[in-house]
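Have a look at protein-v4.txt below; it lists compact mmCIF, C-alpha atoms.
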# COMPACT_ATOMS: atom_id res chain seq x y z
CA MET A 1 -10.66 -8.45 41.45
CA ARG A 2 -9.46 -11.96 42.25
CA GLY A 3 -10.92 -15.01 40.55
CA TYR A 4 -11.74 -18.20 42.44
CA HIS A 5 -9.15 -20.05 40.33
CA ASP A 6 -6.43 -17.63 41.49
CA ILE A 7 -5.30 -19.68 44.49
CA GLY A 8 -1.53 -19.08 44.64
CA GLY A 9 -0.56 -18.62 48.28
CA ASP A 10 -3.83 -19.88 49.75
CA LYS A 11 -3.67 -22.18 52.72
CA ALA A 12 -4.32 -25.79 51.81
CA GLY A 13 -3.74 -29.26 53.20
CA SER A 14 -1.03 -31.74 52.29
CA ILE A 15 -0.40 -32.55 48.63
CA PRO A 16 -2.45 -35.57 47.43
CA ARG A 17 0.45 -37.64 46.14
CA VAL A 18 -1.65 -39.66 43.75
CA GLU A 19 -0.91 -40.79 40.20
CA LEU A 20 -4.24 -41.41 38.53
CA PRO A 21 -4.66 -43.01 35.12
CA TRP A 22 -5.55 -40.73 32.26
CA LEU A 23 -9.01 -41.77 31.08
CA HIS A 24 -10.19 -42.01 27.50
CA TRP A 25 -12.80 -39.26 27.77
CA GLU A 26 -10.19 -36.98 29.32
CA LYS A 27 -7.87 -37.57 26.36
CA GLN A 28 -10.77 -36.95 24.01
CA VAL A 29 -11.49 -33.59 25.71
CA GLU A 30 -7.87 -32.53 25.26
CA ALA A 31 -7.70 -33.82 21.69
CA ILE A 32 -10.86 -32.04 20.58
CA ARG A 33 -9.83 -28.80 22.30
CA ASN A 34 -6.43 -28.97 20.59
CA LEU A 35 -8.03 -29.58 17.19
CA LEU A 36 -10.55 -26.75 17.64
CA GLY A 37 -7.70 -24.40 18.58
CA ASP A 38 -5.25 -25.39 15.87
CA GLY A 39 -3.95 -23.07 13.17
CA THR A 40 -6.42 -24.19 10.52
CA ARG A 41 -9.56 -24.12 12.67
CA ARG A 42 -8.98 -21.35 15.27
CA ILE A 43 -12.46 -21.98 16.70
CA ILE A 44 -11.65 -21.84 20.41
CA SER A 45 -8.45 -20.68 22.10
CA LEU A 46 -7.00 -21.93 25.37
CA ASP A 47 -7.70 -18.54 26.94
CA GLU A 48 -11.34 -18.66 25.83
CA MET A 49 -11.72 -22.06 27.46
CA ARG A 50 -10.05 -20.74 30.62
CA ARG A 51 -12.48 -17.81 30.66
CA GLY A 52 -15.22 -20.44 30.48
CA PHE A 53 -14.26 -22.24 33.68
CA GLU A 54 -13.19 -19.04 35.43
CA SER A 55 -16.66 -17.61 34.97
CA PHE A 56 -19.07 -20.53 35.44
CA GLY A 57 -19.22 -20.06 39.19
CA GLU A 58 -17.08 -21.07 42.14
CA ASP A 59 -19.31 -23.92 43.34
CA LYS A 60 -19.28 -25.57 39.95
CA TYR A 61 -15.52 -25.00 39.54
CA LYS A 62 -14.76 -26.61 42.88
CA ALA A 63 -17.13 -29.55 42.37
CA LEU A 64 -15.78 -30.59 38.97
CA SER A 65 -12.63 -32.53 38.16
CA PHE A 66 -9.88 -30.92 36.10
CA TYR A 67 -10.95 -32.37 32.74
CA ARG A 68 -14.68 -32.06 33.42
CA ARG A 69 -14.13 -28.33 34.00
CA ARG A 70 -12.46 -28.15 30.63
CA LEU A 71 -15.26 -30.11 28.96
CA GLU A 72 -18.00 -27.91 30.46
CA ALA A 73 -16.09 -24.73 29.59
CA MET A 74 -15.51 -25.91 26.03
CA THR A 75 -19.19 -26.64 25.40
CA ASP A 76 -20.20 -23.32 27.06
CA ILE A 77 -17.88 -21.35 24.77
CA LEU A 78 -18.91 -23.28 21.64
CA ILE A 79 -22.55 -22.49 22.43
CA GLU A 80 -21.74 -18.85 23.26
CA LYS A 81 -19.96 -18.48 19.91
CA GLU A 82 -22.89 -20.18 18.17
CA ILE A 83 -20.64 -22.89 16.72
CA ILE A 84 -23.10 -25.41 18.15
CA SER A 85 -26.44 -25.00 19.90
CA GLN A 86 -27.53 -26.37 23.26
CA GLU A 87 -30.38 -28.21 21.51
CA GLU A 88 -28.01 -29.98 19.11
CA LEU A 89 -25.78 -31.05 21.97
CA ASP A 90 -28.70 -32.20 24.15
CA LYS A 91 -30.10 -34.23 21.26
CA ALA A 92 -26.73 -35.90 20.64
CA VAL A 93 -26.38 -36.63 24.38
CA VAL A 94 -29.78 -38.37 24.37
CA GLU A 95 -28.78 -40.45 21.32
CA LYS A 96 -25.45 -41.43 22.90
CA THR A 97 -27.16 -42.33 26.18
CA ILE A 98 -29.66 -44.60 24.40
CA LEU A 99 -26.82 -46.23 22.48
CA TRP A 100 -24.84 -46.77 25.67
CA ASN A 101 -27.81 -48.25 27.57
CA LYS A 102 -28.52 -50.59 24.66
CA GLN A 103 -24.89 -51.66 24.60
CA LYS A 104 -24.97 -52.23 28.35
CA THR A 105 -28.13 -54.35 28.13
CA GLU A 106 -26.53 -56.50 25.44
CA ASP A 107 -23.37 -56.87 27.51
CA ASP A 108 -25.38 -57.84 30.60
CA GLN A 109 -27.27 -60.51 28.63
CA SER A 110 -24.23 -62.02 26.98
CA MET B 1 -14.99 -29.12 53.74
CA HIS B 2 -14.10 -26.50 56.29
CA ASN B 3 -12.28 -23.26 55.74
CA ASP B 4 -8.57 -23.79 56.26
CA HIS B 5 -7.96 -20.18 57.20
CA GLU B 6 -10.20 -20.32 60.21
CA ASN B 7 -9.45 -23.75 61.51
CA HIS B 8 -5.73 -24.05 61.09
CA SER B 9 -3.20 -21.99 62.90
CA HIS B 10 -0.28 -20.95 60.82
CA GLU B 11 2.09 -22.70 63.20
CA ASP B 12 0.52 -26.07 62.55
CA HIS B 13 3.43 -27.99 61.07
CA ASP B 14 2.23 -31.39 62.08
CA HIS B 15 1.66 -33.18 58.79
CA GLN B 16 -0.12 -36.11 60.38
CA HIS B 17 -2.86 -33.93 61.77
CA GLU B 18 -3.21 -31.71 58.79
CA ASP B 19 -6.14 -32.23 56.49
CA HIS B 20 -5.46 -34.12 53.35
CA GLU B 21 -6.54 -31.96 50.44
CA ALA B 22 -8.49 -34.45 48.36
CA LEU B 23 -8.24 -34.25 44.62
CA VAL B 24 -11.58 -33.69 42.90
CA VAL B 25 -12.21 -36.72 40.68
CA GLU B 26 -15.30 -37.98 38.92
CA ASP B 27 -17.04 -41.05 40.30
CA ASP B 28 -18.11 -43.85 37.91
CA ALA B 29 -21.33 -42.07 37.04
CA GLY B 30 -19.43 -38.84 36.40
CA ASN B 31 -16.95 -40.61 34.16
CA LEU B 32 -19.73 -42.21 32.15
CA GLU B 33 -21.62 -38.93 31.87
CA SER B 34 -18.44 -37.18 30.72
CA GLN B 35 -17.74 -39.88 28.13
CA ILE B 36 -21.26 -39.50 26.77
CA ILE B 37 -21.03 -35.69 26.59
CA ILE B 38 -17.68 -35.67 24.80
CA ASP B 39 -18.87 -38.37 22.36
CA ALA B 40 -22.00 -36.29 21.72
CA LEU B 41 -19.95 -33.13 21.22
CA GLN B 42 -17.65 -34.97 18.84
CA ASP B 43 -20.67 -36.14 16.81
CA VAL B 44 -22.08 -32.62 16.57
CA LEU B 45 -18.71 -31.20 15.50
CA ILE B 46 -18.27 -33.96 12.90
CA SER B 47 -21.78 -33.35 11.54
CA LYS B 48 -20.82 -29.71 11.00
CA GLY B 49 -17.64 -30.70 9.18
CA LEU B 50 -15.42 -29.08 11.81
CA LEU B 51 -13.40 -32.20 12.51
CA THR B 52 -13.26 -35.90 11.67
CA ALA B 53 -13.07 -39.01 13.85
CA PRO B 54 -9.63 -40.02 12.45
CA GLU B 55 -8.33 -36.56 13.35
CA VAL B 56 -9.43 -37.08 16.95
CA THR B 57 -7.83 -40.54 17.05
CA LYS B 58 -4.59 -39.16 15.63
CA GLU B 59 -4.59 -36.26 18.08
CA ILE B 60 -5.07 -38.67 21.00
CA GLU B 61 -2.05 -40.66 19.79
CA LYS B 62 -0.10 -37.42 19.63
CA LEU B 63 -1.10 -36.62 23.22
CA GLU B 64 -0.07 -40.08 24.41
CA SER B 65 3.37 -40.16 22.82
CA PRO B 66 5.37 -37.62 24.88
CA GLY B 67 6.58 -38.48 28.37
CA VAL B 68 9.51 -38.43 30.72
CA HIS B 69 11.58 -40.38 28.16
CA LEU B 70 11.75 -37.26 25.97
CA GLY B 71 12.74 -35.06 28.91
CA ALA B 72 15.41 -37.61 29.85
CA LYS B 73 16.83 -37.53 26.33
CA VAL B 74 17.19 -33.75 26.53
CA VAL B 75 18.79 -33.81 29.96
CA VAL B 76 21.30 -36.52 29.14
CA LYS B 77 22.31 -34.75 25.93
CA ALA B 78 22.96 -31.62 28.03
CA TRP B 79 24.94 -33.65 30.61
CA LYS B 80 27.17 -35.10 27.88
CA ASP B 81 27.56 -32.09 25.61
CA SER B 82 28.37 -28.74 27.25
CA GLU B 83 27.77 -26.76 24.07
CA TYR B 84 24.33 -28.33 23.74
CA LYS B 85 23.68 -27.44 27.37
CA GLN B 86 24.46 -23.78 26.66
CA ARG B 87 22.08 -23.79 23.69
CA LEU B 88 19.42 -25.49 25.81
CA LEU B 89 19.72 -22.88 28.55
CA SER B 90 19.64 -19.95 26.13
CA ASN B 91 16.81 -21.23 23.90
CA GLY B 92 15.08 -24.33 25.22
CA LYS B 93 12.64 -24.78 22.38
CA SER B 94 15.15 -24.73 19.53
CA ALA B 95 17.62 -26.97 21.42
CA ILE B 96 14.88 -29.52 22.19
CA GLN B 97 13.68 -29.44 18.58
CA GLU B 98 17.30 -30.04 17.54
CA ILE B 99 17.07 -33.59 18.90
CA GLY B 100 13.85 -34.33 17.05
CA VAL B 101 11.20 -33.51 19.66
CA ALA B 102 8.20 -31.59 18.27
CA VAL B 103 7.68 -28.74 20.73
CA GLY B 104 4.18 -27.27 20.65
CA GLU B 105 4.75 -24.57 23.26
CA ALA B 106 5.72 -20.98 22.41
CA GLN B 107 8.95 -21.32 24.36
CA ILE B 108 10.57 -23.71 26.84
CA VAL B 109 12.66 -22.12 29.58
CA VAL B 110 15.17 -24.62 30.96
CA VAL B 111 16.33 -23.78 34.47
CA GLU B 112 19.49 -25.36 35.81
CA ASN B 113 19.96 -26.90 39.24
CA THR B 114 23.46 -26.47 40.68
CA ASP B 115 25.18 -27.12 44.01
CA THR B 116 23.79 -23.80 45.23
CA VAL B 117 20.49 -23.47 43.34
CA HIS B 118 17.33 -25.58 43.20
CA ASN B 119 14.37 -24.86 40.90
CA LEU B 120 10.72 -25.81 41.34
CA ILE B 121 7.97 -25.50 38.72
CA THR B 122 4.27 -24.87 39.34
CA CYS B 123 1.25 -23.16 37.78
CA THR B 124 -1.01 -21.45 40.30
CA LEU B 125 -3.78 -20.36 37.91
CA CYS B 126 -4.48 -23.63 36.12
CA SER B 127 -1.95 -26.40 35.46
CA CYS B 128 0.42 -25.29 32.70
CA TYR B 129 3.05 -27.91 31.99
CA PRO B 130 5.45 -28.66 29.10
CA ARG B 131 2.97 -31.19 27.70
CA SER B 132 4.49 -31.62 24.26
CA ILE B 133 7.66 -32.90 25.97
CA LEU B 134 6.51 -34.54 29.22
CA GLY B 135 2.91 -35.43 28.38
CA GLN B 136 0.14 -34.87 30.90
CA PRO B 137 0.97 -33.44 34.33
CA PRO B 138 0.72 -35.82 37.30
CA SER B 139 -2.50 -35.69 39.32
CA TRP B 140 -0.88 -33.95 42.28
CA TYR B 141 0.47 -31.18 40.01
CA ILE B 142 -3.10 -30.19 39.12
CA SER B 143 -4.28 -30.41 42.75
CA LYS B 144 -5.44 -27.34 44.61
CA ALA B 145 -2.92 -28.03 47.39
CA TYR B 146 0.13 -28.04 45.09
CA ARG B 147 -1.04 -25.01 43.10
CA ALA B 148 -1.79 -23.03 46.26
CA ARG B 149 1.21 -23.96 48.37
CA ALA B 150 4.20 -24.39 46.01
CA VAL B 151 4.65 -20.64 45.63
CA ARG B 152 4.24 -19.74 49.28
CA GLU B 153 5.87 -22.50 51.28
CA PRO B 154 7.94 -24.39 48.71
CA ARG B 155 10.37 -25.83 51.26
CA LYS B 156 7.51 -27.40 53.17
CA VAL B 157 6.06 -28.77 49.94
CA LEU B 158 9.45 -30.25 49.03
CA SER B 159 9.66 -31.92 52.45
CA GLU B 160 6.35 -33.63 51.73
CA PHE B 161 7.99 -35.07 48.62
CA GLY B 162 10.88 -36.26 50.79
CA LEU B 163 13.32 -33.52 49.83
CA ASP B 164 14.65 -31.52 52.77
CA LEU B 165 16.53 -28.81 50.97
CA ASP B 166 19.63 -27.46 52.70
CA GLU B 167 18.96 -23.96 54.06
CA ASP B 168 22.00 -22.57 52.21
CA ILE B 169 20.67 -23.60 48.81
CA GLN B 170 18.78 -20.95 46.90
CA LEU B 171 15.27 -22.13 46.02
CA ILE B 172 13.71 -20.53 42.94
CA VAL B 173 10.02 -21.17 42.27
CA HIS B 174 8.74 -20.61 38.72
CA ASP B 175 5.03 -19.90 38.33
CA SER B 176 4.25 -20.74 34.69
CA ASN B 177 1.37 -18.31 34.41
CA ALA B 178 1.67 -17.07 30.83
CA ASP B 179 3.41 -18.16 27.61
CA MET B 180 6.62 -19.87 28.78
CA ARG B 181 6.74 -23.49 29.92
CA TYR B 182 9.50 -24.75 32.19
CA LEU B 183 11.78 -27.72 32.53
CA VAL B 184 14.33 -28.25 35.30
CA LEU B 185 17.81 -29.41 34.25
CA PRO B 186 18.88 -31.60 37.18
CA MET B 187 22.52 -31.90 38.21
CA ALA B 188 24.59 -34.53 36.43
CA PRO B 189 25.82 -37.38 38.61
CA ASP B 190 29.56 -37.35 39.37
CA GLU B 191 30.07 -40.51 37.34
CA ALA B 192 28.29 -39.12 34.25
CA ALA B 193 31.36 -39.48 32.05
CA GLN B 194 31.58 -43.21 32.79
CA LEU B 195 27.92 -44.02 32.20
CA ASP B 196 26.31 -44.53 28.83
CA SER B 197 23.26 -42.54 27.75
CA HIS B 198 20.85 -45.36 28.48
CA ASP B 199 21.97 -45.64 32.12
CA LEU B 200 21.94 -41.87 32.52
CA GLU B 201 18.40 -41.56 31.11
CA ALA B 202 17.22 -43.98 33.78
CA LEU B 203 18.34 -41.46 36.41
CA VAL B 204 16.10 -38.72 35.04
CA THR B 205 12.66 -38.91 36.62
CA ARG B 206 9.62 -36.77 35.92
CA ASP B 207 9.76 -35.43 39.47
CA ARG B 208 13.33 -34.19 38.97
CA LEU B 209 12.21 -32.36 35.82
CA ILE B 210 9.50 -30.58 37.84
CA GLY B 211 11.82 -29.99 40.79
CA VAL B 212 9.96 -31.87 43.55
CA SER B 213 12.95 -34.20 43.54
CA ARG B 214 16.62 -33.19 43.26
CA MET C 1 16.51 -15.14 23.92
CA SER C 2 16.47 -11.88 22.00
CA THR C 3 16.40 -8.46 23.57
CA ALA C 4 13.95 -6.13 21.87
CA LYS C 5 15.21 -2.61 21.52
CA ALA C 6 11.71 -1.25 21.74
CA ALA C 7 10.96 -2.96 25.05
CA ARG C 8 10.27 -0.57 27.91
CA PHE C 9 12.33 -2.44 30.51
CA ALA C 10 15.81 -3.92 30.51
CA ILE C 11 17.19 -6.84 32.47
CA GLY C 12 17.93 -5.69 36.00
CA ASP C 13 15.29 -2.93 36.04
CA ARG C 14 13.17 -2.65 39.18
CA VAL C 15 9.46 -2.84 38.45
CA ARG C 16 6.18 -2.87 40.31
CA VAL C 17 3.25 -5.04 39.22
CA LEU C 18 0.18 -2.89 38.79
CA ASP C 19 -3.04 -3.84 40.50
CA LEU C 20 -5.27 -3.32 37.48
CA ASP C 21 -8.84 -3.79 38.57
CA LYS C 22 -9.78 -5.90 35.58
CA SER C 23 -12.69 -8.26 35.48
CA GLY C 24 -12.66 -11.25 33.18
CA HIS C 25 -9.77 -13.50 32.26
CA VAL C 26 -6.34 -12.24 33.38
CA ARG C 27 -3.10 -14.17 33.87
CA ILE C 28 -1.50 -12.03 36.59
CA PRO C 29 -2.25 -13.68 39.94
CA ALA C 30 -3.32 -11.58 42.91
CA TYR C 31 -0.31 -12.52 45.01
CA VAL C 32 2.14 -10.49 42.85
CA ARG C 33 -0.06 -7.45 42.27
CA GLY C 34 1.40 -4.34 43.89
CA LYS C 35 4.71 -6.14 44.55
CA CYS C 36 8.16 -4.94 43.48
CA GLY C 37 10.58 -7.16 41.63
CA LYS C 38 13.36 -7.19 39.07
CA ILE C 39 13.30 -7.98 35.34
CA VAL C 40 15.38 -11.12 34.73
CA GLN C 41 14.43 -11.99 31.14
CA TYR C 42 12.70 -10.55 28.11
CA CYS C 43 10.49 -13.22 26.50
CA GLY C 44 9.34 -11.48 23.31
CA LYS C 45 5.95 -10.17 22.23
CA TYR C 46 2.81 -12.21 22.85
CA LEU C 47 -0.88 -11.70 22.25
CA ASN C 48 -2.68 -10.54 25.36
CA PRO C 49 -4.65 -13.40 26.98
CA GLU C 50 -7.23 -10.83 28.09
CA ASP C 51 -7.98 -10.24 24.37
CA LEU C 52 -7.65 -13.89 23.37
CA SER C 53 -10.16 -14.93 26.04
CA ILE C 54 -12.88 -12.93 24.30
CA GLY C 55 -11.95 -14.13 20.83
CA LYS C 56 -9.90 -11.07 19.86
CA THR C 57 -6.92 -12.49 18.00
CA SER C 58 -5.83 -9.42 16.02
CA GLY C 59 -3.52 -8.05 18.69
CA PRO C 60 -1.70 -5.91 19.57
CA ALA C 61 1.06 -8.11 21.00
CA PHE C 62 2.59 -7.10 24.31
CA ASP C 63 6.13 -7.39 25.61
CA LEU C 64 6.39 -10.21 28.11
CA TYR C 65 9.01 -10.30 30.87
CA ARG C 66 10.08 -12.74 33.54
CA VAL C 67 10.10 -10.86 36.82
CA GLU C 68 11.88 -12.06 39.94
CA PHE C 69 10.68 -11.40 43.49
CA THR C 70 12.29 -12.19 46.81
CA GLN C 71 10.05 -14.64 48.64
CA ALA C 72 10.34 -12.34 51.66
CA SER C 73 8.62 -9.55 49.67
CA LEU C 74 5.65 -11.81 48.85
CA TRP C 75 4.85 -13.48 52.16
CA ASP C 76 5.88 -13.87 55.72
CA GLU C 77 6.84 -17.54 55.84
CA PRO C 78 9.50 -18.58 58.34
CA ARG C 79 10.85 -21.44 56.25
CA ASN C 80 11.61 -19.31 53.19
CA GLN C 81 15.28 -18.30 53.23
CA SER C 82 16.51 -14.78 52.46
CA GLN C 83 18.05 -15.95 49.16
CA ASP C 84 14.84 -17.68 47.96
CA ARG C 85 13.11 -16.26 44.90
CA LEU C 86 9.97 -16.55 42.81
CA ILE C 87 9.92 -15.83 39.07
CA ILE C 88 6.74 -15.19 37.11
CA GLU C 89 5.84 -13.81 33.67
CA ILE C 90 4.28 -10.35 33.49
CA TYR C 91 2.97 -8.53 30.41
CA ASP C 92 4.15 -4.96 29.87
CA HIS C 93 0.79 -3.32 30.58
CA TRP C 94 0.82 -4.75 34.11
CA LEU C 95 4.20 -3.16 34.95
CA THR C 96 5.48 0.23 36.04
CA ALA C 97 9.01 1.35 36.93
CA ALA C 98 9.77 1.06 40.64
Any chance you could give the structure as structure tokens?
Amino acid sequence: MRGYHDIGGDKAGSIPRVELPWLHWEKQVEAIRNLLGDGTRRIISLDEMRRGFESFGEDKYKALSFYRRRLEAMTDILIEKEIISQEELDKAVVEKTILWNKQKTEDDQS
Amino acid sequence: MHNDHENHSHEDHDHQHEDHEALVVEDDAGNLESQIIIDALQDVLISKGLLTAPEVTKEIEKLESPGVHLGAKVVVKAWKDSEYKQRLLSNGKSAIQEIGVAVGEAQIVVVENTDTVHNLITCTLCSCYPRSILGQPPSWYISKAYRARAVREPRKVLSEFGLDLDEDIQLIVHDSNADMRYLVLPMAPDEAAQLDSHDLEALVTRDRLIGVSR
Amino acid sequence: MSTAKAARFAIGDRVRVLDLDKSGHVRIPAYVRGKCGKIVQYCGKYLNPEDLSIGKTSGPAFDLYRVEFTQASLWDEPRNQSQDRLIIEIYDHWLTAA
């Protein structure tokens, strides 16, 4: 069996020689994953996160950016392991969205 | 996006007419959505006492601090000190820690370029990289095109980076698929003995440490 | 790096990568499965990523080797030279003597 992430030797176009900035949310994804996997916490390992993005479906894998894949896989595994629940995360996302929209409105008015 | 297998003949060496393999990036909406999700996740984890906001801030600083400057320090030390170079080649992690770099990886395998050998590093399964030394991998390193092609047609990949490797040189590709992480030790310039460390460090680029430059 | 006396293979041994039909998370890419190469380094014992991926952290640890292949044995690419090589890490349970 060959996973959709197992692409060594596949035909592909020229290398996109781009150097993109590393965004804050991307750093935050890496930082939180590192903390959750450290020696004192041991909540989620790198291989568990990899299993997450290797099993969430090829279409999703191909559509997401590198760090978004890691974010989605991390939340999937945390929910699977019942460290957090989908409801808790959804509720926090709603709260953060409201906060962000409020912030944006204030910025637009100032 | 079409299927490359069906639409491209194997003999197609014309770079200009070859499809550019676009990197998958988030648009503005995707970046905002991602920022909101990770902030929300952080809140939930904090509320459960699993981590704290200062820990996240400190970890981000830790992620931002490594870079090519650390790799350059290692390389120049090896260029100037042949005993250090031997230690570096036999146990990369302990030799790199010797000069005060905190290495998070299980082991660092340092592979040496010579007049007759050139090394190239890739990771076909994800994007493994010696992050605690060099920081985050460049965007092209995590691209599908680099991951797919570096193992199979490395000389063609090198030409795209402007390096036309002599046919007599042995090219060794390292797929960092498991627990080791890799660093290329580039060749010292002829005038290494005359240059000070600062000038030598300026010659060590990230691309030379990955092997897409010689 | 150390050489473990208990390790099944020694540097220079010819090995074949098994084509284990495993589902789930594995770190041995398809392009080396079934291929013959040569042990060039013993890396030590490491926990199996197949176990780690499902939260099993108790081991056992497996011997890990760096295995070298000629590029010619992996693919038919005209630009690869006869002396060109590829080196990849393979856990003991994916290897057999060749």
Interatomic distance, atom CA of Leu125 of chain B to atom CA of Gly12 of chain C (Å, one decimal):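 Distance reported for this atom pair: 26.3 Å.
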What are the residues of chain C lining chain B at 9 Å or less? Count only C-alpha atoms, and put the answer as a PDB file with C-alpha atoms, keeping the file's coordinate frame.
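Output file out-v2.pdb is given in full below:
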ATOM      1  CA  MET C   1      16.510 -15.140  23.920  1.00  0.00           C
ATOM      2  CA  ARG C  27      -3.100 -14.170  33.870  1.00  0.00           C
ATOM      3  CA  ILE C  28      -1.500 -12.030  36.590  1.00  0.00           C
ATOM      4  CA  PRO C  29      -2.250 -13.680  39.940  1.00  0.00           C
ATOM      5  CA  CYS C  43      10.490 -13.220  26.500  1.00  0.00           C
ATOM      6  CA  TYR C  46       2.810 -12.210  22.850  1.00  0.00           C
ATOM      7  CA  PRO C  49      -4.650 -13.400  26.980  1.00  0.00           C
ATOM      8  CA  LEU C  64       6.390 -10.210  28.110  1.00  0.00           C
ATOM      9  CA  GLN C  71      10.050 -14.640  48.640  1.00  0.00           C
ATOM     10  CA  LEU C  74       5.650 -11.810  48.850  1.00  0.00           C
ATOM     11  CA  TRP C  75       4.850 -13.480  52.160  1.00  0.00           C
ATOM     12  CA  ASP C  76       5.880 -13.870  55.720  1.00  0.00           C
ATOM     13  CA  GLU C  77       6.840 -17.540  55.840  1.00  0.00           C
ATOM     14  CA  PRO C  78       9.500 -18.580  58.340  1.00  0.00           C
ATOM     15  CA  ARG C  79      10.850 -21.440  56.250  1.00  0.00           C
ATOM     16  CA  ASN C  80      11.610 -19.310  53.190  1.00  0.00           C
ATOM     17  CA  GLN C  81      15.280 -18.300  53.230  1.00  0.00           C
ATOM     18  CA  SER C  82      16.510 -14.780  52.460  1.00  0.00           C
ATOM     19  CA  GLN C  83      18.050 -15.950  49.160  1.00  0.00           C
ATOM     20  CA  ASP C  84      14.840 -17.680  47.960  1.00  0.00           C
ATOM     21  CA  ARG C  85      13.110 -16.260  44.900  1.00  0.00           C
ATOM     22  CA  LEU C  86       9.970 -16.550  42.810  1.00  0.00           C
ATOM     23  CA  ILE C  87       9.920 -15.830  39.070  1.00  0.00           C
ATOM     24  CA  ILE C  88       6.740 -15.190  37.110  1.00  0.00           C
ATOM     25  CA  GLU C  89       5.840 -13.810  33.670  1.00  0.00           C
ATOM     26  CA  ILE C  90       4.280 -10.350  33.490  1.00  0.00           C
ATOM     27  CA  TYR C  91       2.970  -8.530  30.410  1.00  0.00           C
TER      28      TYR C  91
END
Exercise answer, chain C residues close to chain A, 8 Å and only C-alpha atoms, as a list in words: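 Contact residues on the first chain: Asp21, Lys22, Ser23, Gly24, His25, Pro29, Ala30, Tyr31, Pro49, Glu50, Leu52, Ser53, Ile54 and Gly55 of chain C.
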For atom CA of Gly104 of chain B and atom CA of Val26 of chain C, the interatomic separation in Å (one decimal):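 Calculated distance between atom CA of Gly104 of chain B and atom CA of Val26 of chain C is 22.3 Å.
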Counting all atoms listed in the file, what are the residues of chain A within 9 Å of chain B, and for each of them which pair of atoms is the nearest and at what distance in Å, to one decimal? Sort the table by chain and rising number, as CSV.
residue,atom,partner,partner_atom,distance
A:His5,CA,B:Leu125,CA,5.9
A:Asp6,CA,B:Leu125,CA,5.2
A:Ile7,CA,B:Ala148,CA,5.2
A:Gly8,CA,B:Ala148,CA,4.3
A:Gly9,CA,B:Ala148,CA,5.0
A:Asp10,CA,B:Ala148,CA,5.1
A:Lys11,CA,B:Asp4,CA,6.3
A:Ala12,CA,B:Ala145,CA,5.1
A:Gly13,CA,B:Glu21,CA,4.8
A:Ser14,CA,B:His20,CA,5.1
A:Ile15,CA,B:Ala145,CA,5.3
A:Pro16,CA,B:Trp140,CA,5.6
A:Arg17,CA,B:Trp140,CA,5.5
A:Val18,CA,B:Trp140,CA,5.9
A:Glu19,CA,B:Ser139,CA,5.4
A:Leu20,CA,B:Ser139,CA,6.0
A:Pro21,CA,B:Ser139,CA,8.7
A:Trp22,CA,B:Gln136,CA,8.3
A:Leu23,CA,B:Asn31,CA,8.6
A:His24,CA,B:Gln35,CA,7.9
A:Trp25,CA,B:Gln35,CA,5.0
A:Glu26,CA,B:Gln35,CA,8.2
A:Lys27,CA,B:Ile60,CA,6.1
A:Gln28,CA,B:Ile60,CA,6.7
A:Val29,CA,B:Ile38,CA,6.6
A:Glu30,CA,B:Ile60,CA,8.0
A:Ala31,CA,B:Glu59,CA,5.4
A:Ile32,CA,B:Val56,CA,6.4
A:Asn34,CA,B:Glu59,CA,7.9
A:Leu35,CA,B:Glu59,CA,7.6
A:Leu36,CA,B:Leu50,CA,7.9
A:Arg41,CA,B:Leu50,CA,7.7
A:Arg50,CA,B:Cys126,CA,8.3
A:Lys62,CA,B:Val24,CA,7.8
A:Ala63,CA,B:Val24,CA,6.9
A:Leu64,CA,B:Val24,CA,6.5
A:Ser65,CA,B:Val25,CA,4.9
A:Phe66,CA,B:Ile142,CA,7.5
A:Arg68,CA,B:Ser34,CA,6.9
A:Leu71,CA,B:Ile38,CA,7.4
A:Thr75,CA,B:Leu41,CA,7.8
A:Ile83,CA,B:Leu45,CA,8.6
A:Ile84,CA,B:Val44,CA,7.5
A:Glu88,CA,B:Val44,CA,7.0
A:Leu89,CA,B:Leu41,CA,6.2
A:Asp90,CA,B:Ala40,CA,8.2
A:Lys91,CA,B:Ala40,CA,8.4
A:Ala92,CA,B:Ala40,CA,4.9
A:Val93,CA,B:Ala40,CA,5.1
A:Val94,CA,B:Ala40,CA,8.5
A:Glu95,CA,B:Ala40,CA,8.0
A:Lys96,CA,B:Ile36,CA,6.0
A:Thr97,CA,B:Ile36,CA,6.6
A:Trp100,CA,B:Ile36,CA,8.2
Atom-to-atom span, atom CA of Gly37 of chain A and atom CA of Leu88 of chain B, Å: 28.1 Å
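For the residues B:Asp199, B:Gln86, B:Asp166, B:Ala72, ranking by smallest atom-to-atom distance to Leu183 of chain B using all atoms listed in the file places B:Ala72 first.
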12 Å contact set for His198 of chain B, all atoms listed in the file, chain neighbours under 5 positions out, as an MDAnalysis selection string: chainID B and resid 69 72:73 75:77 192 203:204
Contact residues around Phe56 of chain A with only C-alpha atoms at 9 Å, ignoring same-chain residues under 5 positions, as JSON, numbers by chain: {"A": [51, 61, 72, 73, 76]}
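With distances restricted to all atoms listed in the file, B:Ser132 is the closest residue to Pro66 of chain B from B:Ser47, B:Ser132, B:Thr116, B:Ser82.
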